[in-house]
file run_23.txt (compact mmCIF, N, CA and C atoms)
# COMPACT_ATOMS: atom_id res chain seq x y z
N MET A 1 0.84 -1.18 0.00
CA MET A 1 0.00 0.00 0.00
C MET A 1 0.89 1.24 0.00
N GLY A 2 0.53 2.19 -0.81
CA GLY A 2 1.26 3.45 -0.87
C GLY A 2 2.46 3.36 -1.79
N LYS A 3 2.92 4.50 -2.20
CA LYS A 3 4.08 4.59 -3.10
C LYS A 3 5.37 4.60 -2.29
N THR A 4 6.44 4.20 -2.94
CA THR A 4 7.77 4.33 -2.36
C THR A 4 8.30 5.68 -2.81
N ASP A 5 8.21 6.68 -1.93
CA ASP A 5 8.56 8.04 -2.34
C ASP A 5 9.84 8.57 -1.71
N VAL A 6 10.50 7.79 -0.87
CA VAL A 6 11.79 8.18 -0.31
C VAL A 6 12.85 7.79 -1.34
N GLY A 7 13.61 8.78 -1.80
CA GLY A 7 14.51 8.57 -2.93
C GLY A 7 15.47 7.40 -2.80
N TRP A 8 16.19 7.32 -1.69
CA TRP A 8 17.18 6.25 -1.56
C TRP A 8 16.52 4.88 -1.40
N VAL A 9 15.33 4.85 -0.81
CA VAL A 9 14.59 3.59 -0.69
C VAL A 9 14.11 3.16 -2.08
N ARG A 10 13.60 4.10 -2.85
CA ARG A 10 13.15 3.83 -4.22
C ARG A 10 14.31 3.33 -5.08
N ALA A 11 15.48 3.96 -4.94
CA ALA A 11 16.65 3.55 -5.73
C ALA A 11 17.03 2.10 -5.40
N GLY A 12 17.03 1.75 -4.13
CA GLY A 12 17.34 0.37 -3.74
C GLY A 12 16.31 -0.61 -4.27
N LEU A 13 15.05 -0.23 -4.18
CA LEU A 13 13.97 -1.08 -4.68
C LEU A 13 14.13 -1.31 -6.18
N GLU A 14 14.40 -0.27 -6.92
CA GLU A 14 14.58 -0.40 -8.36
C GLU A 14 15.79 -1.27 -8.70
N LEU A 15 16.86 -1.12 -7.94
CA LEU A 15 18.06 -1.94 -8.15
C LEU A 15 17.73 -3.42 -8.02
N TYR A 16 17.10 -3.80 -6.91
CA TYR A 16 16.86 -5.22 -6.68
C TYR A 16 15.75 -5.78 -7.54
N THR A 17 14.72 -5.00 -7.85
CA THR A 17 13.68 -5.53 -8.73
C THR A 17 14.23 -5.75 -10.14
N SER A 18 15.15 -4.90 -10.57
CA SER A 18 15.75 -5.13 -11.89
C SER A 18 16.63 -6.38 -11.88
N ARG A 19 17.27 -6.65 -10.77
CA ARG A 19 18.09 -7.86 -10.66
C ARG A 19 17.23 -9.12 -10.61
N ILE A 20 16.12 -9.06 -9.89
CA ILE A 20 15.22 -10.21 -9.79
C ILE A 20 14.70 -10.59 -11.17
N ALA A 21 14.44 -9.60 -11.99
CA ALA A 21 13.89 -9.84 -13.33
C ALA A 21 14.81 -10.69 -14.21
N HIS A 22 16.08 -10.81 -13.84
CA HIS A 22 16.99 -11.68 -14.59
C HIS A 22 16.72 -13.16 -14.30
N TYR A 23 16.02 -13.44 -13.22
CA TYR A 23 15.78 -14.82 -12.81
C TYR A 23 14.36 -15.31 -13.07
N ILE A 24 13.40 -14.39 -13.00
CA ILE A 24 11.99 -14.80 -13.04
C ILE A 24 11.15 -13.60 -13.46
N PRO A 25 10.02 -13.84 -14.12
CA PRO A 25 9.13 -12.70 -14.38
C PRO A 25 8.67 -12.10 -13.04
N PHE A 26 8.81 -10.82 -12.89
CA PHE A 26 8.55 -10.16 -11.61
C PHE A 26 7.82 -8.85 -11.85
N VAL A 27 6.77 -8.63 -11.10
CA VAL A 27 6.00 -7.40 -11.20
C VAL A 27 5.83 -6.83 -9.80
N LEU A 28 6.09 -5.55 -9.66
CA LEU A 28 5.86 -4.84 -8.41
C LEU A 28 4.66 -3.94 -8.61
N LYS A 29 3.65 -4.09 -7.76
CA LYS A 29 2.47 -3.23 -7.84
C LYS A 29 2.38 -2.43 -6.55
N GLU A 30 2.34 -1.12 -6.69
CA GLU A 30 2.13 -0.25 -5.55
C GLU A 30 0.75 0.37 -5.69
N LEU A 31 -0.08 0.14 -4.71
CA LEU A 31 -1.43 0.67 -4.74
C LEU A 31 -1.45 2.02 -4.05
N PRO A 32 -2.23 2.96 -4.56
CA PRO A 32 -2.25 4.30 -3.95
C PRO A 32 -2.81 4.26 -2.53
N GLU A 33 -2.29 5.16 -1.71
CA GLU A 33 -2.81 5.28 -0.35
C GLU A 33 -4.25 5.77 -0.40
N LEU A 34 -4.99 5.45 0.62
CA LEU A 34 -6.39 5.86 0.70
C LEU A 34 -6.50 7.37 0.81
N LYS A 35 -7.48 7.92 0.17
CA LYS A 35 -7.77 9.34 0.30
C LYS A 35 -8.57 9.56 1.58
N ASN A 36 -8.33 10.67 2.25
CA ASN A 36 -9.03 11.04 3.48
C ASN A 36 -8.90 9.98 4.57
N ALA A 37 -7.76 9.32 4.62
CA ALA A 37 -7.55 8.27 5.61
C ALA A 37 -7.56 8.82 7.03
N GLY A 38 -7.26 10.10 7.19
CA GLY A 38 -7.26 10.70 8.52
C GLY A 38 -8.63 10.69 9.17
N ALA A 39 -9.68 10.58 8.38
CA ALA A 39 -11.04 10.55 8.91
C ALA A 39 -11.50 9.14 9.24
N LEU A 40 -10.65 8.15 9.01
CA LEU A 40 -11.02 6.75 9.21
C LEU A 40 -10.33 6.18 10.44
N THR A 41 -10.94 5.17 11.06
CA THR A 41 -10.29 4.45 12.14
C THR A 41 -9.25 3.50 11.54
N HIS A 42 -8.38 2.99 12.38
CA HIS A 42 -7.39 2.02 11.90
C HIS A 42 -8.07 0.80 11.32
N ALA A 43 -9.14 0.35 11.95
CA ALA A 43 -9.87 -0.82 11.45
C ALA A 43 -10.48 -0.53 10.08
N GLN A 44 -11.03 0.66 9.89
CA GLN A 44 -11.60 1.02 8.60
C GLN A 44 -10.52 1.09 7.52
N ILE A 45 -9.36 1.61 7.88
CA ILE A 45 -8.25 1.66 6.93
C ILE A 45 -7.84 0.25 6.53
N ARG A 46 -7.70 -0.66 7.52
CA ARG A 46 -7.34 -2.05 7.21
C ARG A 46 -8.36 -2.68 6.27
N GLU A 47 -9.65 -2.45 6.52
CA GLU A 47 -10.70 -3.03 5.69
C GLU A 47 -10.64 -2.49 4.26
N LYS A 48 -10.52 -1.18 4.11
CA LYS A 48 -10.49 -0.58 2.77
C LYS A 48 -9.23 -1.00 2.02
N GLU A 49 -8.08 -0.97 2.70
CA GLU A 49 -6.86 -1.42 2.05
C GLU A 49 -6.94 -2.90 1.71
N GLY A 50 -7.54 -3.69 2.60
CA GLY A 50 -7.70 -5.12 2.35
C GLY A 50 -8.49 -5.39 1.09
N SER A 51 -9.56 -4.63 0.89
CA SER A 51 -10.36 -4.80 -0.33
C SER A 51 -9.54 -4.49 -1.57
N LEU A 52 -8.75 -3.43 -1.50
CA LEU A 52 -7.90 -3.06 -2.64
C LEU A 52 -6.85 -4.14 -2.91
N LEU A 53 -6.24 -4.65 -1.85
CA LEU A 53 -5.22 -5.68 -2.01
C LEU A 53 -5.82 -6.96 -2.59
N LEU A 54 -6.94 -7.39 -2.05
CA LEU A 54 -7.56 -8.64 -2.52
C LEU A 54 -8.04 -8.53 -3.95
N ALA A 55 -8.41 -7.34 -4.37
CA ALA A 55 -8.84 -7.14 -5.77
C ALA A 55 -7.70 -7.37 -6.75
N GLN A 56 -6.47 -7.33 -6.26
CA GLN A 56 -5.30 -7.53 -7.11
C GLN A 56 -4.88 -8.99 -7.20
N THR A 57 -5.51 -9.85 -6.41
CA THR A 57 -5.13 -11.27 -6.43
C THR A 57 -6.14 -12.08 -7.23
N ARG A 58 -5.65 -13.21 -7.72
CA ARG A 58 -6.51 -14.16 -8.43
C ARG A 58 -6.69 -15.38 -7.53
N PRO A 59 -7.77 -16.10 -7.70
CA PRO A 59 -7.97 -17.32 -6.88
C PRO A 59 -6.81 -18.31 -6.99
N SER A 60 -6.14 -18.34 -8.12
CA SER A 60 -5.04 -19.29 -8.31
C SER A 60 -3.72 -18.83 -7.70
N ASP A 61 -3.63 -17.59 -7.24
CA ASP A 61 -2.39 -17.06 -6.67
C ASP A 61 -2.09 -17.68 -5.31
N GLU A 62 -0.83 -17.88 -5.04
CA GLU A 62 -0.39 -18.23 -3.69
C GLU A 62 -0.03 -16.91 -3.02
N VAL A 63 -0.77 -16.56 -1.99
CA VAL A 63 -0.61 -15.26 -1.34
C VAL A 63 0.16 -15.44 -0.04
N ILE A 64 1.28 -14.73 0.06
CA ILE A 64 2.10 -14.76 1.25
C ILE A 64 2.24 -13.33 1.77
N LEU A 65 1.85 -13.14 3.02
CA LEU A 65 1.90 -11.82 3.63
C LEU A 65 3.24 -11.60 4.31
N LEU A 66 3.77 -10.41 4.18
CA LEU A 66 4.91 -10.01 4.98
C LEU A 66 4.32 -9.41 6.25
N ASP A 67 4.45 -10.14 7.33
CA ASP A 67 3.71 -9.86 8.56
C ASP A 67 4.61 -10.11 9.76
N GLU A 68 4.52 -9.25 10.75
CA GLU A 68 5.39 -9.37 11.91
C GLU A 68 5.19 -10.68 12.67
N HIS A 69 4.06 -11.33 12.50
CA HIS A 69 3.80 -12.59 13.20
C HIS A 69 4.08 -13.81 12.31
N GLY A 70 4.70 -13.57 11.17
CA GLY A 70 4.99 -14.67 10.25
C GLY A 70 6.23 -15.44 10.64
N ARG A 71 6.52 -16.43 9.83
CA ARG A 71 7.69 -17.29 10.03
C ARG A 71 8.96 -16.53 9.64
N GLU A 72 9.97 -16.65 10.48
CA GLU A 72 11.27 -16.04 10.17
C GLU A 72 12.17 -17.10 9.54
N PHE A 73 12.97 -16.65 8.59
CA PHE A 73 13.90 -17.52 7.88
C PHE A 73 15.30 -16.93 7.92
N ARG A 74 16.30 -17.79 7.89
CA ARG A 74 17.63 -17.37 7.48
C ARG A 74 17.57 -17.29 5.96
N SER A 75 18.48 -16.59 5.34
CA SER A 75 18.44 -16.40 3.89
C SER A 75 18.49 -17.72 3.14
N VAL A 76 19.32 -18.66 3.57
CA VAL A 76 19.42 -19.95 2.91
C VAL A 76 18.11 -20.73 3.06
N GLU A 77 17.48 -20.63 4.22
CA GLU A 77 16.19 -21.29 4.44
C GLU A 77 15.11 -20.67 3.55
N PHE A 78 15.14 -19.35 3.42
CA PHE A 78 14.16 -18.70 2.55
C PHE A 78 14.36 -19.13 1.10
N ALA A 79 15.60 -19.25 0.66
CA ALA A 79 15.87 -19.71 -0.70
C ALA A 79 15.30 -21.11 -0.92
N SER A 80 15.45 -21.98 0.05
CA SER A 80 14.91 -23.33 -0.04
C SER A 80 13.38 -23.31 -0.07
N PHE A 81 12.78 -22.50 0.79
CA PHE A 81 11.32 -22.32 0.83
C PHE A 81 10.82 -21.84 -0.53
N LEU A 82 11.48 -20.84 -1.08
CA LEU A 82 11.08 -20.28 -2.37
C LEU A 82 11.25 -21.30 -3.49
N GLN A 83 12.35 -22.03 -3.47
CA GLN A 83 12.58 -23.06 -4.49
C GLN A 83 11.46 -24.10 -4.48
N LYS A 84 11.05 -24.52 -3.30
CA LYS A 84 9.96 -25.50 -3.19
C LYS A 84 8.66 -24.91 -3.74
N LYS A 85 8.38 -23.67 -3.43
CA LYS A 85 7.16 -23.02 -3.93
C LYS A 85 7.19 -22.93 -5.45
N LEU A 86 8.33 -22.55 -5.99
CA LEU A 86 8.44 -22.37 -7.44
C LEU A 86 8.36 -23.69 -8.19
N SER A 87 8.88 -24.75 -7.60
CA SER A 87 8.90 -26.04 -8.30
C SER A 87 7.64 -26.87 -8.06
N SER A 88 6.77 -26.41 -7.16
CA SER A 88 5.60 -27.22 -6.81
C SER A 88 4.41 -27.04 -7.74
N GLY A 89 4.47 -26.07 -8.63
CA GLY A 89 3.32 -25.91 -9.51
C GLY A 89 3.37 -24.62 -10.29
N SER A 90 2.24 -24.32 -10.90
CA SER A 90 2.18 -23.16 -11.79
C SER A 90 1.50 -21.96 -11.13
N ARG A 91 1.30 -22.00 -9.83
CA ARG A 91 0.68 -20.87 -9.14
C ARG A 91 1.66 -19.70 -9.08
N ASP A 92 1.15 -18.51 -9.34
CA ASP A 92 1.96 -17.32 -9.14
C ASP A 92 2.04 -17.04 -7.64
N ILE A 93 3.21 -16.64 -7.19
CA ILE A 93 3.40 -16.30 -5.79
C ILE A 93 3.26 -14.79 -5.67
N VAL A 94 2.38 -14.37 -4.78
CA VAL A 94 2.14 -12.95 -4.55
C VAL A 94 2.52 -12.65 -3.11
N PHE A 95 3.54 -11.83 -2.95
CA PHE A 95 3.96 -11.38 -1.62
C PHE A 95 3.31 -10.02 -1.39
N ILE A 96 2.66 -9.84 -0.25
CA ILE A 96 1.95 -8.60 0.02
C ILE A 96 2.53 -7.91 1.24
N VAL A 97 2.87 -6.64 1.04
CA VAL A 97 3.25 -5.74 2.12
C VAL A 97 2.05 -4.84 2.37
N GLY A 98 1.54 -4.85 3.57
CA GLY A 98 0.37 -4.06 3.89
C GLY A 98 0.72 -2.62 4.23
N GLY A 99 -0.28 -1.92 4.68
CA GLY A 99 -0.11 -0.53 5.09
C GLY A 99 0.35 -0.45 6.53
N ALA A 100 0.35 0.75 7.05
CA ALA A 100 0.88 1.03 8.38
C ALA A 100 0.12 0.31 9.50
N TYR A 101 -1.14 -0.02 9.28
CA TYR A 101 -1.96 -0.62 10.34
C TYR A 101 -2.20 -2.10 10.15
N GLY A 102 -1.45 -2.72 9.26
CA GLY A 102 -1.54 -4.15 9.09
C GLY A 102 -2.62 -4.57 8.11
N PHE A 103 -3.04 -5.82 8.25
CA PHE A 103 -3.98 -6.44 7.31
C PHE A 103 -5.35 -6.63 7.94
N SER A 104 -6.37 -6.65 7.11
CA SER A 104 -7.72 -6.95 7.56
C SER A 104 -7.85 -8.45 7.79
N ASP A 105 -8.91 -8.83 8.49
CA ASP A 105 -9.18 -10.25 8.71
C ASP A 105 -9.38 -10.98 7.38
N GLU A 106 -9.97 -10.31 6.40
CA GLU A 106 -10.21 -10.93 5.10
C GLU A 106 -8.89 -11.24 4.39
N VAL A 107 -7.92 -10.35 4.51
CA VAL A 107 -6.61 -10.59 3.90
C VAL A 107 -5.93 -11.76 4.61
N TYR A 108 -5.97 -11.76 5.95
CA TYR A 108 -5.41 -12.90 6.68
C TYR A 108 -6.09 -14.20 6.26
N GLY A 109 -7.40 -14.16 6.07
CA GLY A 109 -8.14 -15.35 5.67
C GLY A 109 -7.77 -15.85 4.29
N ARG A 110 -7.39 -14.95 3.40
CA ARG A 110 -7.02 -15.31 2.03
C ARG A 110 -5.58 -15.81 1.94
N ALA A 111 -4.77 -15.46 2.89
CA ALA A 111 -3.33 -15.75 2.82
C ALA A 111 -3.06 -17.24 2.92
N ASP A 112 -2.07 -17.67 2.14
CA ASP A 112 -1.58 -19.04 2.19
C ASP A 112 -0.39 -19.18 3.12
N GLY A 113 0.16 -18.06 3.55
CA GLY A 113 1.30 -18.09 4.45
C GLY A 113 1.69 -16.68 4.86
N ARG A 114 2.57 -16.63 5.87
CA ARG A 114 3.08 -15.36 6.36
C ARG A 114 4.57 -15.48 6.63
N ILE A 115 5.28 -14.42 6.28
CA ILE A 115 6.72 -14.35 6.50
C ILE A 115 7.02 -13.07 7.29
N SER A 116 7.92 -13.18 8.24
CA SER A 116 8.41 -12.02 8.96
C SER A 116 9.87 -11.80 8.59
N LEU A 117 10.22 -10.58 8.27
CA LEU A 117 11.62 -10.27 7.96
C LEU A 117 12.45 -10.08 9.22
N SER A 118 11.78 -9.74 10.32
CA SER A 118 12.50 -9.46 11.56
C SER A 118 11.49 -9.29 12.68
N LYS A 119 11.95 -9.38 13.90
CA LYS A 119 11.10 -9.06 15.03
C LYS A 119 10.96 -7.55 15.17
N MET A 120 11.82 -6.82 14.49
CA MET A 120 11.73 -5.36 14.50
C MET A 120 10.68 -4.90 13.50
N THR A 121 10.22 -3.68 13.66
CA THR A 121 9.24 -3.11 12.74
C THR A 121 9.95 -2.17 11.78
N PHE A 122 9.61 -2.27 10.49
CA PHE A 122 10.15 -1.39 9.46
C PHE A 122 8.99 -0.64 8.82
N SER A 123 9.30 0.50 8.23
CA SER A 123 8.27 1.19 7.46
C SER A 123 7.90 0.31 6.27
N HIS A 124 6.64 0.44 5.81
CA HIS A 124 6.23 -0.40 4.68
C HIS A 124 7.04 -0.09 3.43
N GLN A 125 7.57 1.12 3.32
CA GLN A 125 8.43 1.43 2.17
C GLN A 125 9.75 0.66 2.27
N MET A 126 10.36 0.67 3.45
CA MET A 126 11.64 -0.02 3.61
C MET A 126 11.49 -1.53 3.48
N VAL A 127 10.36 -2.06 3.94
CA VAL A 127 10.14 -3.51 3.83
C VAL A 127 10.23 -3.95 2.37
N ARG A 128 9.67 -3.16 1.47
CA ARG A 128 9.72 -3.52 0.05
C ARG A 128 11.16 -3.70 -0.42
N THR A 129 12.00 -2.76 -0.07
CA THR A 129 13.39 -2.81 -0.52
C THR A 129 14.15 -3.95 0.16
N VAL A 130 13.97 -4.09 1.46
CA VAL A 130 14.64 -5.18 2.19
C VAL A 130 14.18 -6.52 1.64
N PHE A 131 12.89 -6.68 1.39
CA PHE A 131 12.39 -7.94 0.87
C PHE A 131 12.86 -8.20 -0.56
N ALA A 132 12.90 -7.15 -1.38
CA ALA A 132 13.40 -7.31 -2.75
C ALA A 132 14.84 -7.79 -2.72
N GLU A 133 15.64 -7.26 -1.80
CA GLU A 133 17.03 -7.71 -1.69
C GLU A 133 17.06 -9.18 -1.29
N GLN A 134 16.19 -9.59 -0.38
CA GLN A 134 16.16 -10.99 0.05
C GLN A 134 15.68 -11.92 -1.06
N LEU A 135 14.75 -11.46 -1.86
CA LEU A 135 14.35 -12.26 -3.03
C LEU A 135 15.52 -12.44 -3.99
N TYR A 136 16.20 -11.34 -4.27
CA TYR A 136 17.37 -11.42 -5.14
C TYR A 136 18.41 -12.38 -4.55
N ARG A 137 18.68 -12.22 -3.26
CA ARG A 137 19.64 -13.08 -2.58
C ARG A 137 19.22 -14.55 -2.70
N ALA A 138 17.93 -14.83 -2.53
CA ALA A 138 17.44 -16.21 -2.63
C ALA A 138 17.73 -16.79 -4.01
N PHE A 139 17.50 -16.00 -5.06
CA PHE A 139 17.77 -16.51 -6.41
C PHE A 139 19.26 -16.76 -6.62
N THR A 140 20.11 -15.90 -6.07
CA THR A 140 21.56 -16.14 -6.23
C THR A 140 21.98 -17.39 -5.46
N ILE A 141 21.35 -17.63 -4.31
CA ILE A 141 21.65 -18.85 -3.55
C ILE A 141 21.21 -20.08 -4.36
N MET A 142 19.99 -20.03 -4.91
CA MET A 142 19.48 -21.16 -5.70
C MET A 142 20.37 -21.46 -6.89
N LYS A 143 20.95 -20.41 -7.50
CA LYS A 143 21.79 -20.59 -8.69
C LYS A 143 23.26 -20.82 -8.34
N GLY A 144 23.59 -20.80 -7.05
CA GLY A 144 24.97 -21.02 -6.62
C GLY A 144 25.89 -19.87 -6.98
N GLU A 145 25.36 -18.68 -7.11
CA GLU A 145 26.16 -17.51 -7.45
C GLU A 145 26.81 -16.93 -6.19
N PRO A 146 27.89 -16.18 -6.35
CA PRO A 146 28.70 -15.77 -5.20
C PRO A 146 28.19 -14.55 -4.40
N TYR A 147 26.96 -14.14 -4.54
CA TYR A 147 26.46 -12.96 -3.83
C TYR A 147 26.36 -13.21 -2.34
N HIS A 148 25.85 -14.37 -1.95
CA HIS A 148 25.64 -14.71 -0.53
C HIS A 148 26.87 -15.42 -0.01
N HIS A 149 27.34 -15.00 1.16
CA HIS A 149 28.53 -15.62 1.77
C HIS A 149 28.11 -16.34 3.04
N GLU A 150 28.41 -17.61 3.09
CA GLU A 150 28.08 -18.36 4.31
C GLU A 150 29.10 -19.45 4.51
call {"tool": "encode", "arguments": {"input": "run_23.txt", "output": "structure tokens"}}
result
Amino acid sequence: MGKTDVGWVRAGLELYTSRIAHYIPFVLKELPELKNAGALTHAQIREKEGSLLLAQTRPSDEVILLDEHGREFRSVEFASFLQKKLSSGSRDIVFIVGGAYGFSDEVYGRADGRISLSKMTFSHQMVRTVFAEQLYRAFTIMKGEPYHHE
């Protein structure tokens, strides 16, 4: 939800999304922030954003939320998780970063899984860039390329 409007965050996001595209078809969709959100409760914002997010998914998509209560991975473990998802079928994997107030119950109900990048909280803009870097890292691990050192 919302645009990535911080310059250095946007630059990092563009760097890693361009790198990911060398490995797999990849699309980043940023949905506009709600208008007049200041007049809404946090629950109303979650519901409205949830409707917008769910409208972007197809029934055949595998939806994974980036959520503070999700499963944490080491980078090598995430690469293995992603490899299994990619090799298990023809479903598109959709990773969703929510807005500042989290996800609605409907979005949680639609999700096939949840991933946490850290026990710490990041801005939703920074999460996009950090996650894009981890996706790129996962592909380099899967391909045995020298980006990841372990």
call {"tool": "closest_residue", "arguments": {"input": "run_23.txt", "among": "A:Glu145, A:Asp5, A:Glu106, A:Asp92", "to": "A:Val63", "atoms": "only C-alpha atoms"}}
result
A:Asp92
call {"tool": "closest_residue", "arguments": {"input": "run_23.txt", "among": "A:Glu30, A:Ala39, A:Arg10, A:Arg91", "to": "A:Pro59", "atoms": "only C-alpha atoms"}}
result
A:Arg91
call {"tool": "residues_around", "arguments": {"input": "run_23.txt", "residues": "stretch 146-148 of chain A", "least_positions_apart": "5", "cutoff": "6.5 Å", "atoms": "only N, CA and C atoms", "output": "PDB file with N, CA and C atoms, in the coordinates of the input"}}
result
ATOM      1  N   ARG A 137      18.680 -12.220  -3.260  1.00  0.00           N
ATOM      2  CA  ARG A 137      19.640 -13.080  -2.580  1.00  0.00           C
ATOM      3  C   ARG A 137      19.220 -14.550  -2.700  1.00  0.00           C
ATOM      4  N   THR A 140      20.110 -15.900  -6.070  1.00  0.00           N
ATOM      5  CA  THR A 140      21.560 -16.140  -6.230  1.00  0.00           C
ATOM      6  C   THR A 140      21.980 -17.390  -5.460  1.00  0.00           C
ATOM      7  N   ILE A 141      21.350 -17.630  -4.310  1.00  0.00           N
ATOM      8  CA  ILE A 141      21.650 -18.850  -3.550  1.00  0.00           C
ATOM      9  C   ILE A 141      21.210 -20.080  -4.360  1.00  0.00           C
TER      10      ILE A 141
END
call {"tool": "select_by_dssp", "arguments": {"input": "run_23.txt", "residues": "stretch 21-141 of chain A", "states": "helix (DSSP H, G or I)", "output": "JSON, numbers by chain"}}
result
{"A": [37, 38, 39, 42, 43, 44, 45, 46, 47, 48, 49, 50, 51, 52, 53, 54, 55, 75, 76, 77, 78, 79, 80, 81, 82, 83, 84, 85, 86, 87, 105, 106, 107, 108, 109, 110, 124, 125, 126, 127, 128, 129, 130, 131, 132, 133, 134, 135, 136, 137, 138, 139, 140, 141]}
call {"tool": "axis_aligned_box", "arguments": {"input": "run_23.txt", "around": "stretch 92-104 of chain A", "padding_each_side": "3 Å", "output": "lines of an AutoDock Vina configuration file"}}
result
center_x = -1.9
center_y = -8.7
center_z = 0.5
size_x = 17.8
size_y = 25.5
size_z = 25.7
call {"tool": "atom_distance", "arguments": {"input": "run_23.txt", "atom1": "atom C of A:Ile115", "atom2": "atom CA of A:Ala37"}}
result
25.9 Å
call {"tool": "residues_around", "arguments": {"input": "run_23.txt", "residues": "stretch 15-19 of chain A", "least_positions_apart": "4", "cutoff": "6.5 Å", "atoms": "only N, CA and C atoms", "output": "JSON, numbers by chain"}}
result
{"A": [10, 11, 23, 132, 133, 136]}
call {"tool": "decode", "arguments": {"input": "run_23.txt", "residues": "stretch 7-21 of chain A", "atoms": "N, CA and C atoms", "output": "mmCIF file, in the first residue's frame"}}
result
data_model
loop_
_atom_site.group_PDB
_atom_site.id
_atom_site.type_symbol
_atom_site.label_atom_id
_atom_site.label_comp_id
_atom_site.auth_asym_id
_atom_site.auth_seq_id
_atom_site.Cartn_x
_atom_site.Cartn_y
_atom_site.Cartn_z
ATOM 1 N N GLY A 7 13.608 8.777 -1.802
ATOM 2 C CA GLY A 7 14.515 8.567 -2.932
ATOM 3 C C GLY A 7 15.471 7.399 -2.802
ATOM 4 N N TRP A 8 16.190 7.317 -1.687
ATOM 5 C CA TRP A 8 17.177 6.248 -1.562
ATOM 6 C C TRP A 8 16.521 4.883 -1.396
ATOM 7 N N VAL A 9 15.327 4.850 -0.808
ATOM 8 C CA VAL A 9 14.590 3.593 -0.691
ATOM 9 C C VAL A 9 14.114 3.161 -2.076
ATOM 10 N N ARG A 10 13.605 4.105 -2.852
ATOM 11 C CA ARG A 10 13.148 3.831 -4.223
ATOM 12 C C ARG A 10 14.312 3.329 -5.077
ATOM 13 N N ALA A 11 15.481 3.958 -4.935
ATOM 14 C CA ALA A 11 16.649 3.545 -5.726
ATOM 15 C C ALA A 11 17.033 2.098 -5.401
ATOM 16 N N GLY A 12 17.029 1.750 -4.126
ATOM 17 C CA GLY A 12 17.337 0.375 -3.743
ATOM 18 C C GLY A 12 16.307 -0.608 -4.266
ATOM 19 N N LEU A 13 15.047 -0.229 -4.183
ATOM 20 C CA LEU A 13 13.973 -1.083 -4.680
ATOM 21 C C LEU A 13 14.125 -1.314 -6.180
ATOM 22 N N GLU A 14 14.401 -0.270 -6.915
ATOM 23 C CA GLU A 14 14.584 -0.402 -8.365
ATOM 24 C C GLU A 14 15.791 -1.270 -8.701
ATOM 25 N N LEU A 15 16.863 -1.115 -7.936
ATOM 26 C CA LEU A 15 18.062 -1.936 -8.153
ATOM 27 C C LEU A 15 17.732 -3.417 -8.022
ATOM 28 N N TYR A 16 17.103 -3.797 -6.914
ATOM 29 C CA TYR A 16 16.859 -5.218 -6.677
ATOM 30 C C TYR A 16 15.747 -5.779 -7.544
ATOM 31 N N THR A 17 14.716 -4.998 -7.846
ATOM 32 C CA THR A 17 13.676 -5.533 -8.734
ATOM 33 C C THR A 17 14.226 -5.755 -10.140
ATOM 34 N N SER A 18 15.147 -4.901 -10.567
ATOM 35 C CA SER A 18 15.753 -5.126 -11.893
ATOM 36 C C SER A 18 16.626 -6.380 -11.881
ATOM 37 N N ARG A 19 17.273 -6.651 -10.771
ATOM 38 C CA ARG A 19 18.094 -7.864 -10.664
ATOM 39 C C ARG A 19 17.235 -9.123 -10.608
ATOM 40 N N ILE A 20 16.124 -9.056 -9.887
ATOM 41 C CA ILE A 20 15.219 -10.210 -9.791
ATOM 42 C C ILE A 20 14.704 -10.593 -11.168
ATOM 43 N N ALA A 21 14.444 -9.602 -11.994
ATOM 44 C CA ALA A 21 13.887 -9.841 -13.331
ATOM 45 C C ALA A 21 14.807 -10.687 -14.207
#
